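A.B. asks: Quick one: the structure is below, and I'll ask about it shortly.
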Amino acid sequence: MGEPARAIHGGQLGLFTVNLQTGRLWQYTGESNVWAAIGDSGAAVATDSRALYRFAADGKSVWRWSPAGDWSRIGGPAAAIAANG
């Protein structure tokens with residue numbers, strides 16, 4: 001990615017980061033200094049052993065990302081998100 005990160009999230013699925021300036025989500029590919037864009041901005045991000053979750057920047061939805069690369073909406077407005085496991 002090579003840009004400032006707001007946060008880095010790691011777990012069984014790998015490493016994920018949130019770009020400080022744009023809020024876009026990135027996944028580390030395993031190659032030196034190579035990150036892949038995986039999603040739009042998020043107000044908050046959490047990860048567990050099965051998926052990555054993001055609370056939309058507008059605060060109106062919660063989304064789940066699977067290792068297959070698909071995003072699906074799993075909830076409406078929320079104040080925060082957390083994951084366990």
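Naming scheme: A, B, ... for chains in displayed order of the structure tokens; residues 1 onward per chain; ligands 1 onward as shown.
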Find the residues around stretch 59-66 of chain A up to 6 Å (only C-alpha atoms counted), leave out those fewer than 6 positions away in its own chain, and share them as a ChimeraX atom specification.
C.D. replies: /A:51-53,72-77
A.B. asks: Selected residues, N, CA, C and O atoms, written as a tab-separated table (two decimals), in the first residue's frame, please.
C.D. replies:
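Wrote it out as selection_38.tsv, contents follow:
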```tsv
chain	number	residue	atom	x	y	z
A	51	ALA	N	-14.16	-13.91	8.71
A	51	ALA	CA	-14.50	-12.77	7.85
A	51	ALA	C	-13.95	-11.46	8.40
A	51	ALA	O	-13.50	-11.39	9.54
A	52	LEU	N	-14.03	-10.45	7.56
A	52	LEU	CA	-13.71	-9.07	7.93
A	52	LEU	C	-15.04	-8.32	7.90
A	52	LEU	O	-15.87	-8.54	7.02
A	53	TYR	N	-15.25	-7.44	8.87
A	53	TYR	CA	-16.49	-6.69	8.97
A	53	TYR	C	-16.17	-5.21	8.92
A	53	TYR	O	-15.16	-4.77	9.46
A	72	SER	N	-21.10	-8.54	1.65
A	72	SER	CA	-22.55	-8.66	1.79
A	72	SER	C	-23.00	-7.84	2.99
A	72	SER	O	-22.35	-7.82	4.03
A	73	ARG	N	-24.12	-7.18	2.82
A	73	ARG	CA	-24.68	-6.37	3.90
A	73	ARG	C	-25.32	-7.29	4.91
A	73	ARG	O	-26.15	-8.13	4.57
A	74	ILE	N	-24.94	-7.12	6.19
A	74	ILE	CA	-25.47	-8.00	7.23
A	74	ILE	C	-26.23	-7.25	8.31
A	74	ILE	O	-26.75	-7.86	9.23
A	75	GLY	N	-26.27	-5.92	8.22
A	75	GLY	CA	-26.97	-5.16	9.25
A	75	GLY	C	-27.18	-3.72	8.87
A	75	GLY	O	-26.60	-3.22	7.91
A	76	GLY	N	-28.03	-3.08	9.64
A	76	GLY	CA	-28.34	-1.67	9.43
A	76	GLY	C	-27.51	-0.77	10.32
A	76	GLY	O	-26.40	-1.13	10.70
A	77	PRO	N	-28.04	0.37	10.68
A	77	PRO	CA	-27.30	1.33	11.50
A	77	PRO	C	-26.79	0.71	12.80
A	77	PRO	O	-27.46	-0.13	13.40
```
A.B. asks: Grab the atom CA of A:Trp26 to atom CA of A:Ser49 distance for me, in Å with one decimal place.
C.D. replies: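 Atom CA of A:Ser49 lies at a distance of 17.2 Å from atom CA of A:Trp26.
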A.B. asks: Residues of chain A classed as strand (DSSP E or B) by DSSP on the backbone are to be reported as a ChimeraX atom specification.
C.D. replies: /A:5-11,14-19,25-28,35-39,42-47,52-56,62-65,71-75
A.B. asks: Given the selection you just returned, output its residues as a file containing C-alpha atoms, formatted as a short mmCIF file (atom, residue, chain, number, x, y, z; two decimals), in the first residue's frame.
C.D. replies:
```cif
data_model
loop_
_atom_site.label_atom_id
_atom_site.label_comp_id
_atom_site.auth_asym_id
_atom_site.auth_seq_id
_atom_site.Cartn_x
_atom_site.Cartn_y
_atom_site.Cartn_z
CA ALA A 5 -2.71 3.62 7.68
CA ARG A 6 -5.42 4.50 10.20
CA ALA A 7 -5.30 1.01 11.65
CA ILE A 8 -4.00 -2.48 10.95
CA HIS A 9 -6.13 -5.53 11.73
CA GLY A 10 -4.67 -9.02 11.80
CA GLY A 11 -5.95 -12.48 12.36
CA GLY A 14 -4.35 -12.22 7.24
CA LEU A 15 -3.51 -8.54 7.59
CA PHE A 16 -5.86 -5.72 6.69
CA THR A 17 -5.38 -1.97 6.81
CA VAL A 18 -7.49 1.14 6.50
CA ASN A 19 -5.96 3.99 4.49
CA LEU A 25 -9.65 -1.17 2.95
CA TRP A 26 -6.61 -3.15 1.85
CA GLN A 27 -5.43 -6.75 2.34
CA TYR A 28 -1.79 -7.80 2.48
CA TRP A 35 -1.50 -4.86 -0.83
CA ALA A 36 -4.80 -5.39 -2.67
CA ALA A 37 -7.75 -3.00 -2.43
CA ILE A 38 -10.75 -4.89 -1.10
CA GLY A 39 -13.39 -2.31 -0.22
CA GLY A 42 -15.37 2.15 6.70
CA ALA A 43 -15.93 3.98 9.95
CA ALA A 44 -14.76 0.90 11.86
CA VAL A 45 -13.36 -2.53 11.01
CA ALA A 46 -13.22 -5.83 12.92
CA THR A 47 -12.03 -9.31 11.97
CA LEU A 52 -13.71 -9.07 7.93
CA TYR A 53 -16.49 -6.69 8.97
CA ARG A 54 -16.86 -2.99 8.27
CA PHE A 55 -19.20 -0.39 9.62
CA ALA A 56 -19.98 1.87 6.65
CA VAL A 62 -22.64 -3.20 8.51
CA TRP A 63 -20.90 -5.33 5.86
CA ARG A 64 -19.14 -8.73 5.88
CA TRP A 65 -16.24 -9.62 3.57
CA TRP A 71 -19.04 -8.11 0.44
CA SER A 72 -22.55 -8.66 1.79
CA ARG A 73 -24.68 -6.37 3.90
CA ILE A 74 -25.47 -8.00 7.23
CA GLY A 75 -26.97 -5.16 9.25
#
```
A.B. asks: Using only C-alpha atoms for the distances, tell me which of A:Asp48, A:Gln12, A:Glu3, A:Arg24 is nearest to A:Asn84.
C.D. replies: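 Going through A:Asp48, A:Gln12, A:Glu3, A:Arg24 one by one, the smallest distance to A:Asn84 is for A:Asp48.
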A.B. asks: Between atom CA of A:Thr29 and atom CA of A:Gly69, what is the distance, to one decimal in Å?
C.D. replies: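 It comes out at 12.7 Å.
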A.B. asks: Any idea what the distance is between atom CA of A:Ala79 and atom CA of A:Ser41?
C.D. replies: 16.2 Å
